[in-house]
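S.K.: Provided below: my_file.tsv, containing TSV, C-alpha atoms and all ligand atoms.
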```tsv
chain	number	residue	atom	x	y	z
A	31	MET	CA	-27.26	-15.76	-0.70
A	32	THR	CA	-28.14	-16.98	-4.20
A	33	ILE	CA	-26.16	-15.25	-6.93
A	34	HIS	CA	-27.61	-15.17	-10.45
A	35	HIS	CA	-25.45	-12.59	-12.24
A	36	HIS	CA	-21.65	-12.87	-12.55
A	37	PRO	CA	-18.88	-10.85	-14.27
A	38	PRO	CA	-18.24	-12.04	-17.85
A	39	ASP	CA	-15.35	-14.49	-18.32
A	40	GLU	CA	-13.17	-11.82	-19.99
A	41	LEU	CA	-13.40	-9.68	-16.85
A	42	LEU	CA	-12.49	-12.62	-14.57
A	43	THR	CA	-9.57	-13.43	-16.88
A	44	ALA	CA	-8.36	-9.81	-16.68
A	45	PHE	CA	-8.69	-9.94	-12.88
A	46	ALA	CA	-6.62	-13.16	-12.75
A	47	ALA	CA	-4.03	-11.62	-15.09
A	48	GLY	CA	-3.80	-8.46	-12.95
A	49	THR	CA	-4.60	-6.13	-15.85
A	50	LEU	CA	-7.58	-4.30	-14.28
A	51	ASP	CA	-7.11	-0.84	-12.82
A	52	LEU	CA	-7.71	-0.37	-9.10
A	53	GLY	CA	-11.37	0.69	-9.43
A	54	GLN	CA	-12.24	-2.26	-11.68
A	55	HIS	CA	-10.26	-4.59	-9.41
A	56	ILE	CA	-12.27	-3.45	-6.35
A	57	ALA	CA	-15.61	-4.10	-8.11
A	58	VAL	CA	-14.65	-7.62	-9.22
A	59	ALA	CA	-13.04	-8.44	-5.85
A	60	THR	CA	-16.25	-7.33	-4.08
A	61	HIS	CA	-18.20	-9.87	-6.15
A	62	LEU	CA	-15.60	-12.62	-5.65
A	63	LEU	CA	-15.91	-12.38	-1.86
A	64	THR	CA	-19.53	-13.54	-2.06
A	65	CYS	CA	-19.29	-15.87	-5.09
A	66	PRO	CA	-17.56	-19.28	-4.72
A	67	HIS	CA	-18.33	-20.04	-8.39
A	68	CYS	CA	-16.28	-17.06	-9.69
A	69	ARG	CA	-13.54	-17.59	-7.08
A	70	SER	CA	-12.95	-21.10	-8.39
A	71	MET	CA	-12.93	-19.76	-11.98
A	72	VAL	CA	-10.28	-17.17	-11.07
A	73	ARG	CA	-8.23	-19.77	-9.19
A	74	ALA	CA	-8.27	-22.06	-12.26
A	75	MET	CA	-7.24	-19.17	-14.53
A	76	GLU	CA	-4.38	-18.25	-12.21
A	77	GLN	CA	-3.16	-21.86	-12.22
A	78	ILE	CA	-3.28	-21.98	-16.03
A	79	GLY	CA	-1.38	-18.66	-16.20
A	80	GLY	CA	1.25	-19.98	-13.76
A	81	THR	CA	1.69	-23.18	-15.77
A	82	VAL	CA	2.18	-21.18	-18.98
A	83	LEU	CA	4.75	-18.94	-17.27
A	84	THR	CA	6.78	-21.87	-15.93
A	85	ARG	CA	7.03	-23.35	-19.47
A	86	LEU	CA	8.30	-20.14	-21.06
A	87	PRO	CA	12.05	-20.01	-21.79
A	88	PRO	CA	13.94	-17.79	-19.34
A	89	ALA	CA	14.53	-14.21	-20.49
A	90	GLU	CA	16.64	-11.41	-19.06
A	91	MET	CA	14.65	-8.80	-17.09
A	92	SER	CA	14.90	-5.14	-17.97
A	93	PRO	CA	16.44	-2.78	-15.36
A	94	GLY	CA	13.80	-1.76	-12.79
A	95	ALA	CA	11.35	-4.50	-13.83
A	96	LEU	CA	11.14	-6.02	-10.35
A	97	ALA	CA	10.49	-2.63	-8.73
A	98	ALA	CA	7.75	-1.93	-11.30
A	99	VAL	CA	6.01	-5.25	-10.53
A	100	GLU	CA	6.22	-4.61	-6.77
A	101	ALA	CA	4.71	-1.14	-7.23
A	102	ARG	CA	1.82	-2.55	-9.27
A	103	VAL	CA	1.10	-5.30	-6.76
A	104	GLY	CA	1.28	-2.82	-3.90
A	105	GLY	CA	-1.29	-0.58	-5.54
A	106	ARG	CA	-3.77	-3.30	-6.36
A	107	ALA	CA	-3.88	-5.78	-3.53
A	108	PRO	CA	-7.18	-5.55	-1.63
A	109	ASP	CA	-5.34	-5.91	1.68
A	110	ASP	CA	-2.90	-3.16	0.77
A	111	ALA	CA	-0.94	-2.41	3.96
A	112	ALA	CA	0.19	0.96	2.55
A	113	ILE	CA	-3.24	2.52	3.19
A	114	PRO	CA	-3.14	4.51	6.47
A	115	ALA	CA	-4.68	2.68	9.45
A	116	ARG	CA	-6.78	5.73	10.35
A	117	HIS	CA	-8.99	5.00	7.37
A	118	PHE	CA	-9.88	1.46	8.46
A	119	THR	CA	-13.01	2.55	10.31
A	120	GLY	CA	-14.97	4.06	7.41
A	121	PHE	CA	-18.35	3.04	6.06
A	122	ARG	CA	-19.48	1.51	9.40
A	123	ASP	CA	-23.13	1.98	8.42
A	124	ILE	CA	-22.82	-0.14	5.25
A	125	PRO	CA	-23.35	-3.84	6.02
A	126	GLY	CA	-22.04	-6.13	3.32
A	127	LEU	CA	-19.19	-3.81	2.29
A	128	PRO	CA	-15.96	-5.87	2.18
A	129	SER	CA	-13.43	-4.97	4.87
A	130	PHE	CA	-10.73	-4.12	2.30
A	131	VAL	CA	-12.98	-1.32	0.95
A	132	ARG	CA	-13.42	0.11	4.47
A	133	ARG	CA	-9.73	1.00	4.42
A	134	TYR	CA	-10.28	3.70	1.82
A	135	PRO	CA	-11.26	7.25	2.82
A	136	ASP	CA	-14.98	7.62	3.53
A	137	SER	CA	-17.15	10.63	2.71
A	138	SER	CA	-20.77	11.72	3.17
A	139	TRP	CA	-23.79	10.91	1.03
A	140	LYS	CA	-24.39	13.39	-1.79
A	141	TRP	CA	-27.74	13.97	-3.51
A	142	ILE	CA	-27.54	13.19	-7.20
A	143	ALA	CA	-31.20	12.72	-8.21
A	144	PRO	CA	-34.59	12.35	-6.48
A	145	LYS	CA	-34.35	9.47	-3.91
A	146	VAL	CA	-30.79	8.67	-5.05
A	147	HIS	CA	-27.56	9.46	-3.18
A	148	MET	CA	-23.94	8.61	-3.88
A	149	ARG	CA	-20.90	8.37	-1.58
A	150	PRO	CA	-17.44	8.46	-3.15
A	151	ILE	CA	-14.80	5.93	-2.08
A	152	GLY	CA	-11.43	7.71	-2.03
A	153	LEU	CA	-8.89	5.65	-3.94
A	154	PRO	CA	-5.17	6.19	-3.24
A	155	GLU	CA	-4.48	6.50	-6.99
A	156	PRO	CA	-7.33	8.42	-8.64
A	157	GLY	CA	-7.66	7.11	-12.20
A	158	ALA	CA	-10.16	6.79	-15.01
A	159	THR	CA	-12.40	4.49	-12.95
A	160	ARG	CA	-14.35	6.11	-10.12
A	161	VAL	CA	-15.71	3.95	-7.28
A	162	PHE	CA	-18.67	4.97	-5.16
A	163	LEU	CA	-21.65	3.67	-3.23
A	164	LEU	CA	-25.10	4.31	-4.69
A	165	ARG	CA	-28.14	4.33	-2.38
A	166	SER	CA	-31.65	4.35	-3.86
A	167	LYS	CA	-34.94	4.42	-1.98
A	168	PRO	CA	-37.55	1.66	-2.44
A	169	GLY	CA	-39.75	2.27	-5.45
A	170	THR	CA	-37.22	4.52	-7.19
A	171	LYS	CA	-37.38	4.35	-10.95
A	172	MET	CA	-34.02	5.52	-12.25
A	173	ILE	CA	-34.21	7.79	-15.24
A	174	ASP	CA	-33.72	5.91	-18.50
A	175	HIS	CA	-29.99	6.18	-19.26
A	176	THR	CA	-26.98	4.81	-21.11
A	177	HIS	CA	-23.25	5.18	-20.43
A	178	THR	CA	-20.41	6.73	-22.36
A	179	GLY	CA	-18.08	4.24	-20.64
A	180	PHE	CA	-18.68	1.11	-18.56
A	181	GLU	CA	-20.41	0.66	-15.23
A	182	MET	CA	-19.83	-2.30	-12.90
A	183	THR	CA	-22.43	-2.65	-10.16
A	184	CYS	CA	-22.21	-4.97	-7.13
A	185	VAL	CA	-25.40	-5.19	-5.06
A	186	LEU	CA	-24.68	-5.00	-1.31
A	187	SER	CA	-28.28	-4.80	-0.01
A	188	GLY	CA	-31.76	-4.42	-1.45
A	189	SER	CA	-32.46	-5.21	-5.10
A	190	PHE	CA	-33.26	-3.74	-8.50
A	191	ALA	CA	-34.50	-4.96	-11.85
A	192	HIS	CA	-34.03	-3.91	-15.46
A	193	GLU	CA	-34.33	-5.50	-18.90
A	194	GLY	CA	-31.39	-7.81	-18.06
A	195	GLY	CA	-33.07	-9.41	-15.03
A	196	HIS	CA	-33.41	-9.08	-11.27
A	197	PHE	CA	-30.33	-8.22	-9.20
A	198	GLY	CA	-30.04	-8.90	-5.44
A	199	PRO	CA	-27.18	-9.05	-2.90
A	200	GLY	CA	-23.99	-10.51	-4.42
A	201	ASP	CA	-25.13	-10.02	-8.02
A	202	PHE	CA	-22.84	-8.24	-10.51
A	203	ASP	CA	-24.12	-6.10	-13.38
A	204	LEU	CA	-21.92	-4.82	-16.22
A	205	GLY	CA	-23.31	-1.98	-18.31
A	206	ASP	CA	-21.75	-0.11	-21.22
A	207	GLY	CA	-22.79	2.30	-23.97
A	208	SER	CA	-24.69	-0.43	-25.81
A	209	VAL	CA	-27.06	-1.08	-22.90
A	210	ASP	CA	-30.15	1.04	-22.33
A	211	HIS	CA	-30.88	1.01	-18.59
A	212	ASP	CA	-34.42	1.29	-17.29
A	213	VAL	CA	-33.78	0.49	-13.61
A	214	ARG	CA	-36.44	0.02	-10.93
A	215	ILE	CA	-35.66	-0.49	-7.22
A	216	ASP	CA	-37.97	-3.36	-6.23
A	217	SER	CA	-36.87	-4.07	-2.64
A	218	THR	CA	-38.72	-2.79	0.43
A	219	GLU	CA	-35.42	-1.53	1.89
A	220	ASP	CA	-32.87	0.88	0.42
A	221	CYS	CA	-30.82	-0.62	-2.40
A	222	ILE	CA	-27.10	0.00	-1.79
A	223	CYS	CA	-24.58	-0.89	-4.49
A	224	LEU	CA	-20.84	-0.51	-4.96
A	225	VAL	CA	-20.29	0.97	-8.42
A	226	ALA	CA	-17.10	1.30	-10.51
A	227	MET	CA	-17.62	3.60	-13.45
A	228	GLN	CA	-15.80	5.22	-16.34
A	229	GLY	CA	-17.26	7.93	-18.57
A	230	ASP	CA	-20.56	9.68	-17.90
A	231	LEU	CA	-24.26	8.95	-17.74
A	232	LYS	CA	-26.44	10.05	-20.65
A	233	LEU	CA	-30.01	10.61	-19.50
A	234	HIS	CA	-32.92	10.15	-21.89
A	235	GLY	CA	-36.36	11.77	-22.15
A	236	VAL	CA	-37.62	15.20	-21.13
A	237	ILE	CA	-37.03	14.71	-17.40
A	238	GLY	CA	-33.59	13.32	-18.14
A	239	ARG	CA	-32.63	16.36	-20.18
A	240	LEU	CA	-33.89	18.63	-17.40
A	241	LEU	CA	-31.90	16.74	-14.76
A	242	GLN	CA	-28.73	16.15	-16.82
A	243	PRO	CA	-27.04	19.40	-15.66
A	244	LEU	CA	-27.71	18.43	-12.02
A	245	ILE	CA	-26.34	14.89	-12.17
A	246	ARG	CA	-22.78	14.71	-10.85
A	247	MET	CA	-21.30	11.24	-10.53
B	1	ZN	ZN	-19.85	-14.91	-9.57
```
The structure in this file should be written as structure tokens.
Ligand SMILES: [Zn+2]

M.R.:
Amino acid sequence: MTIHHHPPDELLTAFAAGTLDLGQHIAVATHLLTCPHCRSMVRAMEQIGGTVLTRLPPAEMSPGALAAVEARVGGRAPDDAAIPARHFTGFRDIPGLPSFVRRYPDSSWKWIAPKVHMRPIGLPEPGATRVFLLRSKPGTKMIDHTHTGFEMTCVLSGSFAHEGGHFGPGDFDLGDGSVDHDVRIDSTEDCICLVAMQGDLKLHGVIGRLLQPLIRM
């Protein structure tokens, strides 16, 4: 697997610092599992952060601080043991999906646009970031769109292209309101991506305006 597109450094730094919410964390962790380059970056950042911490003068902790840290770690770790074992068998039909994502509640594919389906991943703490799988048929040209928030996309199988380049398995794409997406699925198989998204899609053009009321993501 050759990876050409990585999360920006600020996102890897936030991952290493533990400041991403669960949905964002899942998207970056999905990329890290396939990308030795970014894993070594995160490891280096964690070591720098640890060195800085050990040089800080000791300070008294506030009451309940330890419990708060434990709760945060428990909610974010990809191998979170608190997720019920009955959910470990989901998403069997999705090769390339990391095992820690299979622990979250599965659901069925939902139609969202011609040749495009989405499948929500049920997070234990629903927040501002939604995580779902997106499956698009070969030859699909996604309607020209922008975002009101951000969109992190990890390619699991198949491939797509837009103005920013060509994206295949393992690649990571970060979109926000400043990016105009004109996406084409250019693989001969279905393109399946894990997507973490905040905000809504804004569709452009006549067809986009007609479809906007039907799009539910
Ligand atoms: Zn990478």

S.K.: Of the residues A:Ala59, A:His34, A:Cys221, A:Glu181, which is the one nearest to Ala158 (chain A), using only C-alpha atoms?

M.R.: A:Glu181

S.K.: Rank A:Lys140, A:Arg73, A:His36, A:Arg160 by their smallest atom-to-atom distance to Leu224 (chain A), using all atoms listed in the file, and report the top residue only.

M.R.: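 Smallest distance to Leu224 (chain A) is found for A:Arg160.
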
S.K.: Point out the residue among A:Glu40, A:Phe202, A:Thr176, A:Ser166 with the least atom-to-atom distance to ligand ZN 1 (chain B), counting all atoms listed in the file.

M.R.: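 Of the candidates, the smallest distance to ligand ZN 1 (chain B) is held by A:Phe202.
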
S.K.: What does the list of residues within 8 Å of ligand ZN 1 (chain B) look like if you count only C-alpha atoms and all ligand atoms, written as a list in words?

M.R.: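 Written in the requested form, the residues are Ile33, His34, His35, His36, Pro37, His61, Leu62, Thr64, Cys65, Pro66, His67, Cys68, Arg69, Gly200, Asp201 and Phe202 of chain A.
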
S.K.: Quick one: of A:Leu52, A:Ala74, A:Ile222, A:Leu164, who's nearest to Ile142 (chain A), counting all atoms listed in the file?

M.R.: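 With all atoms listed in the file as the atom set, the closest residue is A:Leu164.
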
S.K.: Which residue, A:Ala46, A:Val213, A:Leu163, A:Ile56, has the smallest gap to Gly194 (chain A) when you use only C-alpha atoms?

M.R.: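 Closest residue, counting only C-alpha atoms: A:Val213.
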
S.K.: Rounded to one decimal in Å, what is the spacing between CA of His192 (chain A) and CA of Gly152 (chain A)?

M.R.: 28.7 Å

S.K.: Between CA of Trp141 (chain A) and CA of Pro154 (chain A), what distance in Å does the model show, to one decimal?

M.R.: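 CA of Pro154 (chain A) lies at a distance of 23.9 Å from CA of Trp141 (chain A).
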
S.K.: Could you jot down the CA of Met71 (chain A) to CA of Leu204 (chain A) separation for me, Å, one decimal place?

M.R.: 17.9 Å

S.K.: Counting all atoms listed in the file, what is within 8 Å of Ser138 (chain A), bar same-chain residues fewer than 2 positions away, as a list in words?

M.R.: Asp136, Lys140, Arg149 and Pro150 of chain A

S.K.: Could you check which of A:Cys223, A:Gln77, A:His196, A:His55 is closest to Cys184 (chain A), using all atoms listed in the file?

M.R.: A:Cys223

S.K.: For Met182 (chain A), please output as a list in words all residues within 7 Å (counting all atoms listed in the file; exclusion window: fewer than 2 positions along the same chain).

M.R.: Ala57, Phe180, Cys184, Asp203, Leu204, Gly205, Val225, Ala226 and Met227 of chain A
